[in-house]
>>> print(open('entry-v9.cif').read())   # mmCIF, C-alpha atoms (C1' of nucleotides)
data_protein
loop_
_atom_site.label_atom_id
_atom_site.label_comp_id
_atom_site.auth_asym_id
_atom_site.auth_seq_id
_atom_site.Cartn_x
_atom_site.Cartn_y
_atom_site.Cartn_z
CA MET A 1 -67.85 131.60 191.31
CA LEU A 2 -69.09 128.62 189.40
CA GLY A 3 -72.15 130.18 187.90
CA THR A 4 -70.30 132.99 186.19
CA ARG A 5 -70.66 132.36 182.53
CA ARG A 6 -70.13 135.01 179.92
CA GLY A 7 -70.99 135.01 176.28
CA ALA A 8 -73.92 134.07 174.15
CA GLN A 9 -76.41 131.45 175.29
CA ARG A 10 -77.02 128.24 173.45
CA SER A 11 -79.59 128.86 170.78
CA GLU A 12 -82.76 127.00 171.61
CA LYS A 13 -84.07 127.78 168.17
CA ALA A 14 -81.14 125.95 166.57
CA ARG A 15 -81.52 123.02 168.94
CA LEU A 16 -85.18 122.59 168.12
CA ALA A 17 -84.56 122.96 164.40
CA ILE A 18 -81.94 120.23 164.60
CA LEU A 19 -84.14 117.79 166.48
CA GLU A 20 -87.00 118.47 164.13
CA ALA A 21 -84.74 117.83 161.15
CA VAL A 22 -83.51 114.58 162.70
CA SER A 23 -87.06 113.46 163.15
CA ILE A 24 -87.93 114.18 159.54
CA GLN A 25 -84.81 112.64 158.07
CA PHE A 26 -85.09 109.60 160.29
CA GLN A 27 -88.60 108.90 159.12
CA GLU A 28 -87.76 109.58 155.49
CA LEU A 29 -84.40 107.87 155.22
CA GLY A 30 -84.08 105.55 158.19
CA TYR A 31 -81.27 105.44 160.68
CA GLU A 32 -78.61 104.08 158.37
CA ASN A 33 -79.03 106.72 155.68
CA LEU A 34 -79.43 109.65 158.01
CA THR A 35 -76.42 111.96 157.79
CA ILE A 36 -75.21 114.80 159.94
CA GLU A 37 -74.69 117.01 156.94
CA GLY A 38 -78.19 116.33 155.73
CA VAL A 39 -79.62 117.21 159.12
CA ALA A 40 -77.58 120.40 159.24
CA LYS A 41 -78.78 121.43 155.83
CA GLN A 42 -82.42 120.71 156.57
CA ALA A 43 -82.23 122.49 159.90
CA GLY A 44 -80.57 125.52 158.32
CA VAL A 45 -77.74 125.16 160.76
CA SER A 46 -74.00 124.84 160.59
CA LYS A 47 -72.52 121.37 160.91
CA GLN A 48 -70.33 122.58 163.72
CA THR A 49 -73.32 123.53 165.79
CA ILE A 50 -74.33 119.88 165.72
CA TYR A 51 -70.88 118.54 166.48
CA ARG A 52 -70.52 120.96 169.36
CA TRP A 53 -73.47 119.55 171.22
CA TRP A 54 -73.71 115.93 170.12
CA ARG A 55 -70.96 113.43 169.80
CA SER A 56 -72.48 111.15 167.22
CA LYS A 57 -75.43 110.36 165.07
CA SER A 58 -76.67 107.88 167.60
CA ASP A 59 -76.57 110.48 170.37
CA LEU A 60 -78.60 112.78 168.21
CA VAL A 61 -81.19 110.13 167.53
CA ALA A 62 -81.23 109.18 171.18
CA GLU A 63 -82.09 112.70 172.26
CA CYS A 64 -84.73 112.89 169.60
CA LEU A 65 -86.27 109.69 170.88
CA LEU A 66 -86.10 110.95 174.45
CA GLU A 67 -88.15 113.95 173.45
CA GLY A 68 -90.71 111.68 171.87
CA ARG A 69 -90.26 112.92 168.34
CA LEU A 70 -89.74 109.63 166.55
CA PHE A 71 -93.02 107.88 167.07
CA PRO A 72 -95.78 108.82 164.70
CA GLY A 73 -98.56 107.98 167.10
CA LYS A 74 -99.00 106.69 170.57
CA PHE A 75 -100.05 103.17 171.24
CA THR A 76 -102.81 103.10 173.74
CA LEU A 77 -102.91 100.25 176.17
CA GLN A 78 -106.26 100.53 177.85
CA ASP A 79 -107.46 99.01 181.06
CA THR A 80 -110.99 97.86 180.39
CA GLY A 81 -110.73 95.22 183.06
CA ASN A 82 -110.05 92.45 180.56
CA LEU A 83 -106.30 91.99 180.45
CA ARG A 84 -106.26 89.58 177.55
CA LEU A 85 -108.33 91.74 175.22
CA ASP A 86 -106.46 94.89 176.19
CA LEU A 87 -103.14 93.29 175.32
CA ILE A 88 -104.42 91.86 172.07
CA ASN A 89 -105.73 95.25 171.13
CA TRP A 90 -102.38 96.82 171.89
CA VAL A 91 -100.45 94.20 169.93
CA ASN A 92 -102.75 94.76 167.00
CA GLN A 93 -101.92 98.45 167.07
CA VAL A 94 -98.23 97.66 166.95
CA PHE A 95 -98.81 95.17 164.14
CA ALA A 96 -100.68 97.83 162.20
CA LEU A 97 -97.69 100.13 162.40
CA MET A 98 -95.32 97.35 161.36
CA LYS A 99 -97.47 96.35 158.41
CA ASP A 100 -97.36 99.85 157.00
CA PRO A 101 -94.11 100.12 154.99
CA ALA A 102 -93.22 103.49 156.46
CA GLY A 103 -94.00 102.28 159.96
CA HIS A 104 -92.00 99.14 159.41
CA GLY A 105 -89.05 101.27 158.38
CA ILE A 106 -89.34 103.35 161.50
CA VAL A 107 -89.41 100.33 163.76
CA THR A 108 -86.46 98.58 162.15
CA SER A 109 -84.55 101.83 162.09
CA LEU A 110 -85.19 102.27 165.77
CA VAL A 111 -83.85 98.80 166.42
CA ALA A 112 -80.84 99.58 164.28
CA ALA A 113 -80.28 102.76 166.26
CA ALA A 114 -80.59 100.81 169.47
CA THR A 115 -77.78 98.48 168.43
CA ALA A 116 -75.54 101.52 168.08
CA ASN A 117 -76.38 103.21 171.36
CA GLU A 118 -77.38 101.62 174.64
CA LYS A 119 -79.35 104.66 175.71
CA ILE A 120 -81.58 104.22 172.73
CA GLY A 121 -82.04 100.58 173.60
CA GLU A 122 -83.04 101.37 177.15
CA ARG A 123 -85.29 104.16 176.07
CA LEU A 124 -86.90 102.04 173.41
CA ARG A 125 -87.53 99.36 175.95
CA GLU A 126 -89.23 101.80 178.28
CA SER A 127 -91.09 103.48 175.49
CA LEU A 128 -92.42 100.30 174.00
CA GLY A 129 -92.96 98.13 176.98
CA GLY A 130 -91.85 99.97 180.04
CA ALA A 131 -93.30 100.92 183.31
CA ASP A 132 -95.77 103.23 181.66
CA SER A 133 -97.58 100.65 179.67
CA VAL A 134 -97.16 96.90 179.51
CA ILE A 135 -95.68 96.27 182.93
CA ALA A 136 -98.24 98.49 184.59
CA ARG A 137 -101.07 96.82 182.76
CA LEU A 138 -99.79 93.37 183.74
CA GLN A 139 -99.48 94.51 187.32
CA ALA A 140 -103.07 95.65 187.25
CA GLY A 141 -103.94 92.22 185.92
CA VAL A 142 -102.29 90.68 188.96
CA LEU A 143 -104.36 92.84 191.27
CA ALA A 144 -107.49 91.87 189.37
CA ALA A 145 -106.58 88.21 189.81
CA GLN A 146 -106.32 87.71 186.06
CA LEU A 147 -102.71 86.71 186.55
CA PRO A 148 -101.22 84.62 189.37
CA ASP A 149 -100.15 86.48 192.44
CA GLN A 150 -96.45 85.98 191.83
CA ALA A 151 -96.54 86.50 188.08
CA PRO A 152 -93.18 87.80 186.84
CA VAL A 153 -94.57 90.87 185.14
CA VAL A 154 -91.21 92.27 184.09
CA GLU A 155 -90.21 89.08 182.32
CA LEU A 156 -93.60 88.69 180.73
CA SER A 157 -93.33 92.21 179.39
CA GLU A 158 -89.88 91.49 178.00
CA ALA A 159 -91.18 88.38 176.34
CA LEU A 160 -94.06 90.20 174.71
CA VAL A 161 -92.06 93.18 173.53
CA GLY A 162 -89.21 90.97 172.45
CA ALA A 163 -91.51 88.84 170.35
CA LEU A 164 -92.79 91.98 168.68
CA MET A 165 -89.29 93.10 167.93
CA LEU A 166 -88.44 89.73 166.47
CA LYS A 167 -91.46 89.93 164.21
CA ALA A 168 -90.46 93.42 163.19
CA ILE A 169 -87.07 92.42 161.88
CA GLY A 170 -87.53 88.78 160.99
CA GLY A 171 -91.02 88.69 159.65
CA GLY A 172 -93.66 86.34 160.89
CA GLY A 173 -97.40 86.68 160.95
CA LYS A 174 -99.00 89.92 162.02
CA SER A 175 -102.70 89.16 161.73
CA SER A 176 -105.26 89.53 164.51
CA THR A 177 -105.07 85.77 164.96
CA ASP A 178 -101.34 86.02 165.44
CA ALA A 179 -101.86 88.77 167.98
CA ALA A 180 -104.23 86.63 169.98
CA ARG A 181 -101.99 83.59 169.79
CA LEU A 182 -99.03 85.60 170.99
CA VAL A 183 -100.82 87.13 173.92
CA ASP A 184 -102.33 83.80 174.90
CA ALA A 185 -98.93 82.16 174.76
CA ILE A 186 -97.56 84.67 177.20
CA ILE A 187 -100.28 85.24 179.75
CA SER A 188 -101.85 81.81 179.84
CA MET B 1 -78.67 75.20 124.39
CA LEU B 2 -78.85 76.65 127.78
CA GLY B 3 -75.84 74.95 129.26
CA THR B 4 -73.33 76.24 126.73
CA ARG B 5 -71.27 78.69 128.57
CA ARG B 6 -67.85 79.76 127.50
CA GLY B 7 -65.22 81.62 129.44
CA ALA B 8 -63.77 81.31 132.91
CA GLN B 9 -65.79 79.98 135.81
CA ARG B 10 -66.41 81.90 138.96
CA SER B 11 -63.42 81.53 141.22
CA GLU B 12 -64.38 79.53 144.28
CA LYS B 13 -61.12 80.49 145.88
CA ALA B 14 -61.98 84.17 145.66
CA ARG B 15 -65.49 83.52 146.94
CA LEU B 16 -64.22 81.68 150.00
CA ALA B 17 -61.55 84.28 150.68
CA ILE B 18 -64.21 86.99 150.60
CA LEU B 19 -66.56 85.20 152.97
CA GLU B 20 -63.71 84.44 155.33
CA ALA B 21 -62.68 88.09 155.28
CA VAL B 22 -66.24 89.18 155.98
CA SER B 23 -66.36 86.87 158.94
CA ILE B 24 -63.16 88.28 160.37
CA GLN B 25 -64.01 91.91 159.77
CA PHE B 26 -67.50 91.47 161.11
CA GLN B 27 -66.25 90.06 164.38
CA GLU B 28 -63.50 92.65 164.66
CA LEU B 29 -65.36 95.76 163.58
CA GLY B 30 -69.06 94.99 163.79
CA TYR B 31 -71.61 95.39 161.06
CA GLU B 32 -71.63 99.17 160.96
CA ASN B 33 -67.89 99.57 160.53
CA LEU B 34 -67.42 96.74 158.10
CA THR B 35 -66.49 98.07 154.64
CA ILE B 36 -66.41 96.49 151.21
CA GLU B 37 -62.99 97.92 150.56
CA GLY B 38 -61.66 96.49 153.80
CA VAL B 39 -63.03 93.08 152.94
CA ALA B 40 -61.53 93.24 149.46
CA LYS B 41 -58.16 94.16 150.86
CA GLN B 42 -58.20 91.45 153.50
CA ALA B 43 -59.36 88.85 151.01
CA GLY B 44 -56.69 89.87 148.50
CA VAL B 45 -59.39 90.45 145.95
CA SER B 46 -60.48 93.25 143.70
CA LYS B 47 -63.40 95.36 144.81
CA GLN B 48 -65.05 94.69 141.51
CA THR B 49 -65.13 90.98 142.19
CA ILE B 50 -67.25 91.66 145.23
CA TYR B 51 -69.56 94.06 143.47
CA ARG B 52 -70.00 91.59 140.65
CA TRP B 53 -71.50 88.93 142.90
CA TRP B 54 -73.09 90.80 145.78
CA ARG B 55 -75.29 93.81 145.66
CA SER B 56 -74.65 95.22 149.08
CA LYS B 57 -72.89 94.83 152.39
CA SER B 58 -75.98 93.30 153.89
CA ASP B 59 -76.17 90.67 151.14
CA LEU B 60 -72.58 89.80 151.82
CA VAL B 61 -73.20 89.42 155.53
CA ALA B 62 -76.36 87.45 154.86
CA GLU B 63 -74.52 84.88 152.78
CA CYS B 64 -71.84 84.67 155.42
CA LEU B 65 -74.44 84.00 158.06
CA LEU B 66 -76.12 81.41 155.86
CA GLU B 67 -72.87 79.51 155.68
CA GLY B 68 -72.60 79.58 159.43
CA ARG B 69 -69.46 81.65 159.61
CA LEU B 70 -70.57 84.35 162.00
CA PHE B 71 -71.24 82.47 165.18
CA PRO B 72 -68.22 81.74 167.31
CA GLY B 73 -69.67 78.67 168.93
CA LYS B 74 -72.81 76.65 168.85
CA PHE B 75 -75.34 76.82 171.59
CA THR B 76 -76.34 73.38 172.65
CA LEU B 77 -79.89 72.83 173.69
CA GLN B 78 -79.93 69.39 175.22
CA ASP B 79 -82.83 67.10 175.88
CA THR B 80 -82.20 65.59 179.28
CA GLY B 81 -85.88 65.07 179.85
CA ASN B 82 -86.19 68.16 182.01
CA LEU B 83 -87.47 70.93 179.76
CA ARG B 84 -87.10 73.70 182.29
CA LEU B 85 -83.50 72.96 183.15
CA ASP B 86 -82.56 72.43 179.53
CA LEU B 87 -83.94 75.82 178.56
CA ILE B 88 -82.31 77.57 181.51
CA ASN B 89 -79.05 76.00 180.57
CA TRP B 90 -79.42 77.19 176.99
CA VAL B 91 -80.37 80.72 178.02
CA ASN B 92 -77.35 80.82 180.27
CA GLN B 93 -75.14 79.96 177.33
CA VAL B 94 -76.60 82.82 175.35
CA PHE B 95 -76.18 85.13 178.34
CA ALA B 96 -72.55 84.12 178.61
CA LEU B 97 -71.96 85.15 175.02
CA MET B 98 -73.75 88.45 175.56
CA LYS B 99 -71.82 89.23 178.71
CA ASP B 100 -68.51 88.90 176.92
CA PRO B 101 -67.83 92.26 175.24
CA ALA B 102 -66.81 90.67 171.95
CA GLY B 103 -69.82 88.40 171.99
CA HIS B 104 -72.09 91.28 172.84
CA GLY B 105 -70.75 93.13 169.84
CA ILE B 106 -71.41 90.17 167.58
CA VAL B 107 -74.99 89.83 168.75
CA THR B 108 -75.85 93.51 168.43
CA SER B 109 -74.13 93.63 165.06
CA LEU B 110 -76.20 90.70 163.90
CA VAL B 111 -79.34 92.49 164.97
CA ALA B 112 -78.15 95.61 163.18
CA ALA B 113 -77.51 93.56 160.07
CA ALA B 114 -80.96 92.03 160.38
CA THR B 115 -82.58 95.44 160.32
CA ALA B 116 -80.90 96.07 156.98
CA ASN B 117 -81.80 92.79 155.31
CA GLU B 118 -84.83 90.63 155.84
CA LYS B 119 -83.00 87.47 154.88
CA ILE B 120 -80.62 88.03 157.73
CA GLY B 121 -83.53 88.50 160.07
CA GLU B 122 -85.15 85.28 159.02
CA ARG B 123 -81.92 83.40 159.16
CA LEU B 124 -81.06 84.82 162.54
CA ARG B 125 -84.40 83.74 163.81
CA GLU B 126 -83.87 80.21 162.63
CA SER B 127 -80.31 80.16 163.79
CA LEU B 128 -81.04 81.44 167.25
CA GLY B 129 -84.38 79.94 168.00
CA GLY B 130 -85.66 78.16 165.00
CA ALA B 131 -86.91 74.76 164.18
CA ASP B 132 -83.58 73.18 164.93
CA SER B 133 -83.48 74.08 168.54
CA VAL B 134 -86.02 75.83 170.69
CA ILE B 135 -89.20 74.90 168.88
CA ALA B 136 -88.15 71.28 168.61
CA ARG B 137 -87.24 71.16 172.29
CA LEU B 138 -90.57 72.71 173.25
CA GLN B 139 -92.36 70.20 171.05
CA ALA B 140 -90.56 67.41 172.82
CA GLY B 141 -91.71 68.97 176.07
CA VAL B 142 -95.27 68.73 174.87
CA LEU B 143 -94.85 65.05 174.09
CA ALA B 144 -93.34 64.49 177.51
CA ALA B 145 -96.34 66.22 179.07
CA GLN B 146 -94.18 68.95 180.53
CA LEU B 147 -96.18 71.44 178.53
CA PRO B 148 -99.93 71.46 177.87
CA ASP B 149 -101.08 69.54 174.86
CA GLN B 150 -102.03 72.61 172.85
CA ALA B 151 -99.07 74.74 173.91
CA PRO B 152 -98.25 77.31 171.19
CA VAL B 153 -94.64 76.30 170.78
CA VAL B 154 -93.90 78.70 167.95
CA GLU B 155 -95.12 81.69 169.92
CA LEU B 156 -93.34 80.56 173.05
CA SER B 157 -90.13 80.28 171.09
CA GLU B 158 -90.61 83.76 169.67
CA ALA B 159 -91.21 85.10 173.13
CA LEU B 160 -88.08 83.50 174.51
CA VAL B 161 -85.80 84.47 171.65
CA GLY B 162 -87.32 87.94 171.49
CA ALA B 163 -86.69 88.50 175.17
CA LEU B 164 -83.07 87.51 174.64
CA MET B 165 -82.74 89.93 171.78
CA LEU B 166 -84.25 92.70 173.85
CA LYS B 167 -81.77 92.02 176.60
CA ALA B 168 -78.97 92.03 174.06
CA ILE B 169 -79.66 95.52 172.86
CA GLY B 170 -81.34 97.14 175.81
CA GLY B 171 -79.52 95.69 178.75
CA GLY B 172 -81.24 94.03 181.61
CA GLY B 173 -80.04 91.31 183.95
CA LYS B 174 -78.20 88.32 182.58
CA SER B 175 -77.50 86.29 185.70
CA SER B 176 -78.47 82.66 186.24
CA THR B 177 -81.35 83.92 188.33
CA ASP B 178 -82.52 86.04 185.45
CA ALA B 179 -82.28 83.06 183.13
CA ALA B 180 -84.46 80.98 185.44
CA ARG B 181 -86.98 83.77 185.90
CA LEU B 182 -87.25 84.26 182.16
CA VAL B 183 -87.75 80.59 181.40
CA ASP B 184 -90.27 80.22 184.20
CA ALA B 185 -92.19 83.21 182.96
CA ILE B 186 -92.55 81.64 179.57
CA ILE B 187 -93.19 77.98 180.19
CA SER B 188 -95.10 78.12 183.43
"C1'" DT C 1 -74.84 154.28 184.97
"C1'" DC C 2 -72.81 152.86 181.02
"C1'" DA C 3 -69.28 151.95 177.71
"C1'" DA C 4 -65.30 148.63 177.15
"C1'" DT C 5 -63.92 144.04 177.53
"C1'" DA C 6 -63.86 139.11 177.53
"C1'" DA C 7 -66.15 134.85 176.81
"C1'" DT C 8 -69.14 132.09 174.24
"C1'" DA C 9 -72.20 130.66 170.35
"C1'" DT C 10 -73.20 130.92 165.61
"C1'" DG C 11 -72.78 130.51 160.25
"C1'" DC C 12 -69.76 129.92 156.44
"C1'" DA C 13 -66.27 127.64 154.22
"C1'" DA C 14 -62.51 124.85 153.60
"C1'" DC C 15 -59.51 120.92 154.82
"C1'" DG C 16 -57.67 115.91 154.50
"C1'" DG C 17 -59.49 111.49 154.87
"C1'" DT C 18 -62.42 107.36 153.97
"C1'" DG C 19 -65.52 104.65 151.64
"C1'" DC C 20 -68.90 104.46 148.06
"C1'" DG C 21 -70.18 102.47 143.43
"C1'" DT C 22 -68.61 102.61 138.56
"C1'" DC C 23 -65.43 102.16 135.00
"C1'" DT C 24 -61.46 100.75 132.17
"C1'" DC C 25 -57.48 98.17 131.51
"C1'" DG C 26 -54.54 94.13 130.62
"C1'" DG C 27 -54.08 89.41 131.99
"C1'" DT C 28 -55.83 84.63 132.45
"C1'" DA C 29 -58.51 80.46 132.57
"C1'" DA C 30 -62.25 77.64 130.31
"C1'" DT D 1 -63.90 83.46 122.01
"C1'" DT D 2 -65.71 84.55 126.25
"C1'" DA D 3 -66.18 85.43 130.94
"C1'" DC D 4 -63.70 85.86 134.86
"C1'" DC D 5 -59.82 88.07 137.54
"C1'" DG D 6 -56.78 91.98 139.98
"C1'" DA D 7 -55.31 96.59 139.77
"C1'" DG D 8 -56.31 101.04 139.95
"C1'" DA D 9 -58.46 105.36 138.72
"C1'" DC D 10 -62.75 108.30 138.64
"C1'" DG D 11 -66.28 111.47 140.83
"C1'" DC D 12 -69.07 111.72 144.68
"C1'" DA D 13 -70.86 111.96 149.50
"C1'" DC D 14 -69.99 112.29 154.07
"C1'" DC D 15 -66.89 112.26 157.87
"C1'" DG D 16 -64.93 115.02 161.78
"C1'" DT D 17 -61.95 119.13 162.37
"C1'" DT D 18 -60.29 123.72 161.85
"C1'" DG D 19 -60.06 128.84 161.01
"C1'" DC D 20 -62.42 133.05 160.65
"C1'" DA D 21 -65.81 136.74 160.88
"C1'" DT D 22 -69.84 137.98 163.49
"C1'" DA D 23 -73.49 138.24 166.97
"C1'" DT D 24 -74.79 137.90 171.76
"C1'" DT D 25 -74.06 138.25 176.68
"C1'" DA D 26 -71.96 138.93 181.54
"C1'" DT D 27 -68.39 141.06 183.88
"C1'" DT D 28 -65.40 144.92 184.60
"C1'" DG D 29 -64.16 149.45 185.60
"C1'" DA D 30 -64.38 154.44 184.59
#
>>> encode(input="entry-v9.cif", output="structure tokens")
Amino acid sequence: MLGTRRGAQRSEKARLAILEAVSIQFQELGYENLTIEGVAKQAGVSKQTIYRWWRSKSDLVAECLLEGRLFPGKFTLQDTGNLRLDLINWVNQVFALMKDPAGHGIVTSLVAAATANEKIGERLRESLGGADSVIARLQAGVLAAQLPDQAPVVELSEALVGALMLKAIGGGGKSSTDAARLVDAIIS
Amino acid sequence: MLGTRRGAQRSEKARLAILEAVSIQFQELGYENLTIEGVAKQAGVSKQTIYRWWRSKSDLVAECLLEGRLFPGKFTLQDTGNLRLDLINWVNQVFALMKDPAGHGIVTSLVAAATANEKIGERLRESLGGADSVIARLQAGVLAAQLPDQAPVVELSEALVGALMLKAIGGGGKSSTDAARLVDAIIS
DNA sequence: TCAATAATATGCAACGGTGCGTCTCGGTAA
DNA sequence: TTACCGAGACGCACCGTTGCATATTATTGA
């Protein structure tokens, strides 16, 4: 039989403790300075238990991100009927996170993690601008005739999220005016 | 006097050997796996000589980037008079680099380096889409009436370059069709 | 039905290895 | 005389792996 499996089960308690520790260390130290040994210590877990289930630091962070443990708060992208204002509002929320030193560290660390692991990149893309939020909101804008019928919503979303990422790592203005200018540049 | 300075001068030979070694190691190993000791060995230089003049790996990479040693080739953004085709052509060049595994590694490593050092981020921004290239080309497009008079060229450039960066780390299509769709989304 | 057995997971601890950043040394060029 | 240089050692942190004792669990067989 295939399902016959003897021996102890994987400890869910240990798994959760590890992911929780990753989340804490990631936010405190950033991706680069996060270490497996540090996570093991904080989680009260043996290093081997980590190595048995994850192949690398980036895998660990990826799973943590997948479980939604790395974002401090959710960004809400409303649909009030006014696409432009909704997007500006959302961009301002992201700017607010990036202007806070801790938040800035989290964002850049997430980008750093994404360069090390494609899954993180994909996930980050979904999480920040994926089907759930920006693309859907743009699509609604098409239906409401606030965008042209054939508007390339996927590309517009990539442009918006990409611009945010660029501002996160390279600087650039993050005022409300900048938010409005950015949104206008993309959906006008 | 301020200019009186005795003793040996900084060795330009050592400095160049170090930067050259960084360039090689960066392209071979990527940012994450580049080590100071490896650079010192390859440059035929003492580790101390590196630590004397640079504070960190990211500083080292930043200076290397500033001297233009990290890009394999230049991307040419022509001005044939047709803004749309010029941009598509340029995006396709960037895509070509990203589709090549080595090139992909260089781009993601540059992004990783940028997350560790703001100077790198700024420089990367200029280098990839800065005043020299994309913004200037967009400005020319405004003058040629291929873009509206008040077009926010800076924001459009950020959107385009940001979208490229997002594709670099998160995947997404990189065909000629994708290039055209992206450019059309931004300048239409 | 219920011990004995076998398989699996865990914590602890140690290993050799690599790279870190600092330091000292003797030599050399301005 | 002074500041640079290369060489090399240092203690440290973390890597990824291994061995061992122990706890947990499903199968086996009396």
>>> interface_residues(input="entry-v9.cif", of="chain A", to="chain B", cutoff="10 Å", atoms="only C-alpha atoms", output="MDAnalysis selection string")
chainID A and resid 32 105 107:126 151:172 178:179 181:188
>>> atom_distance(input="entry-v9.cif", atom1="CA of Leu138 in chain B", atom2="CA of Gln146 in chain A")
25.2 Å
>>> interface_residues(input="entry-v9.cif", of="chain A", to="chain C", cutoff="8 Å", atoms="all atoms listed in the file", output="list in words")
Arg5, Arg6, Gly7, Ala8, Gln9, Arg10, Ser11, Val45, Ser46 and Thr49 of chain A
>>> resolve_selection(input="entry-v9.cif", expression="the PyMOL selection byres ((chain D) within 8 of (chain B))", output="ChimeraX atom specification")
/D:1-7
>>> atom_distance(input="entry-v9.cif", atom1="CA of Leu65 in chain A", atom2="CA of Ala136 in chain A")
21.4 Å
>>> resolve_selection(input="entry-v9.cif", expression="the PyMOL selection byres ((chain A and resi 70) around 12)", output="PDB file with C-alpha atoms, keeping the file's coordinate frame")
ATOM      1  CA  LEU A  19     -84.140 117.790 166.480  1.00  0.00           C
ATOM      2  CA  GLU A  20     -87.000 118.470 164.130  1.00  0.00           C
ATOM      3  CA  ALA A  21     -84.740 117.830 161.150  1.00  0.00           C
ATOM      4  CA  VAL A  22     -83.510 114.580 162.700  1.00  0.00           C
ATOM      5  CA  SER A  23     -87.060 113.460 163.150  1.00  0.00           C
ATOM      6  CA  ILE A  24     -87.930 114.180 159.540  1.00  0.00           C
ATOM      7  CA  GLN A  25     -84.810 112.640 158.070  1.00  0.00           C
ATOM      8  CA  PHE A  26     -85.090 109.600 160.290  1.00  0.00           C
ATOM      9  CA  GLN A  27     -88.600 108.900 159.120  1.00  0.00           C
ATOM     10  CA  GLU A  28     -87.760 109.580 155.490  1.00  0.00           C
ATOM     11  CA  GLY A  30     -84.080 105.550 158.190  1.00  0.00           C
ATOM     12  CA  TYR A  31     -81.270 105.440 160.680  1.00  0.00           C
ATOM     13  CA  LEU A  60     -78.600 112.780 168.210  1.00  0.00           C
ATOM     14  CA  VAL A  61     -81.190 110.130 167.530  1.00  0.00           C
ATOM     15  CA  ALA A  62     -81.230 109.180 171.180  1.00  0.00           C
ATOM     16  CA  GLU A  63     -82.090 112.700 172.260  1.00  0.00           C
ATOM     17  CA  CYS A  64     -84.730 112.890 169.600  1.00  0.00           C
ATOM     18  CA  LEU A  65     -86.270 109.690 170.880  1.00  0.00           C
ATOM     19  CA  LEU A  66     -86.100 110.950 174.450  1.00  0.00           C
ATOM     20  CA  GLU A  67     -88.150 113.950 173.450  1.00  0.00           C
ATOM     21  CA  GLY A  68     -90.710 111.680 171.870  1.00  0.00           C
ATOM     22  CA  ARG A  69     -90.260 112.920 168.340  1.00  0.00           C
ATOM     23  CA  PHE A  71     -93.020 107.880 167.070  1.00  0.00           C
ATOM     24  CA  PRO A  72     -95.780 108.820 164.700  1.00  0.00           C
ATOM     25  CA  GLY A  73     -98.560 107.980 167.100  1.00  0.00           C
ATOM     26  CA  LYS A  74     -99.000 106.690 170.570  1.00  0.00           C
ATOM     27  CA  GLY A 103     -94.000 102.280 159.960  1.00  0.00           C
ATOM     28  CA  GLY A 105     -89.050 101.270 158.380  1.00  0.00           C
ATOM     29  CA  ILE A 106     -89.340 103.350 161.500  1.00  0.00           C
ATOM     30  CA  VAL A 107     -89.410 100.330 163.760  1.00  0.00           C
ATOM     31  CA  SER A 109     -84.550 101.830 162.090  1.00  0.00           C
ATOM     32  CA  LEU A 110     -85.190 102.270 165.770  1.00  0.00           C
ATOM     33  CA  ALA A 113     -80.280 102.760 166.260  1.00  0.00           C
ATOM     34  CA  ILE A 120     -81.580 104.220 172.730  1.00  0.00           C
ATOM     35  CA  ARG A 123     -85.290 104.160 176.070  1.00  0.00           C
ATOM     36  CA  LEU A 124     -86.900 102.040 173.410  1.00  0.00           C
ATOM     37  CA  SER A 127     -91.090 103.480 175.490  1.00  0.00           C
TER      38      SER A 127
END
>>> atom_distance(input="entry-v9.cif", atom1="CA of Arg137 in chain A", atom2="CA of His104 in chain A")
25.2 Å
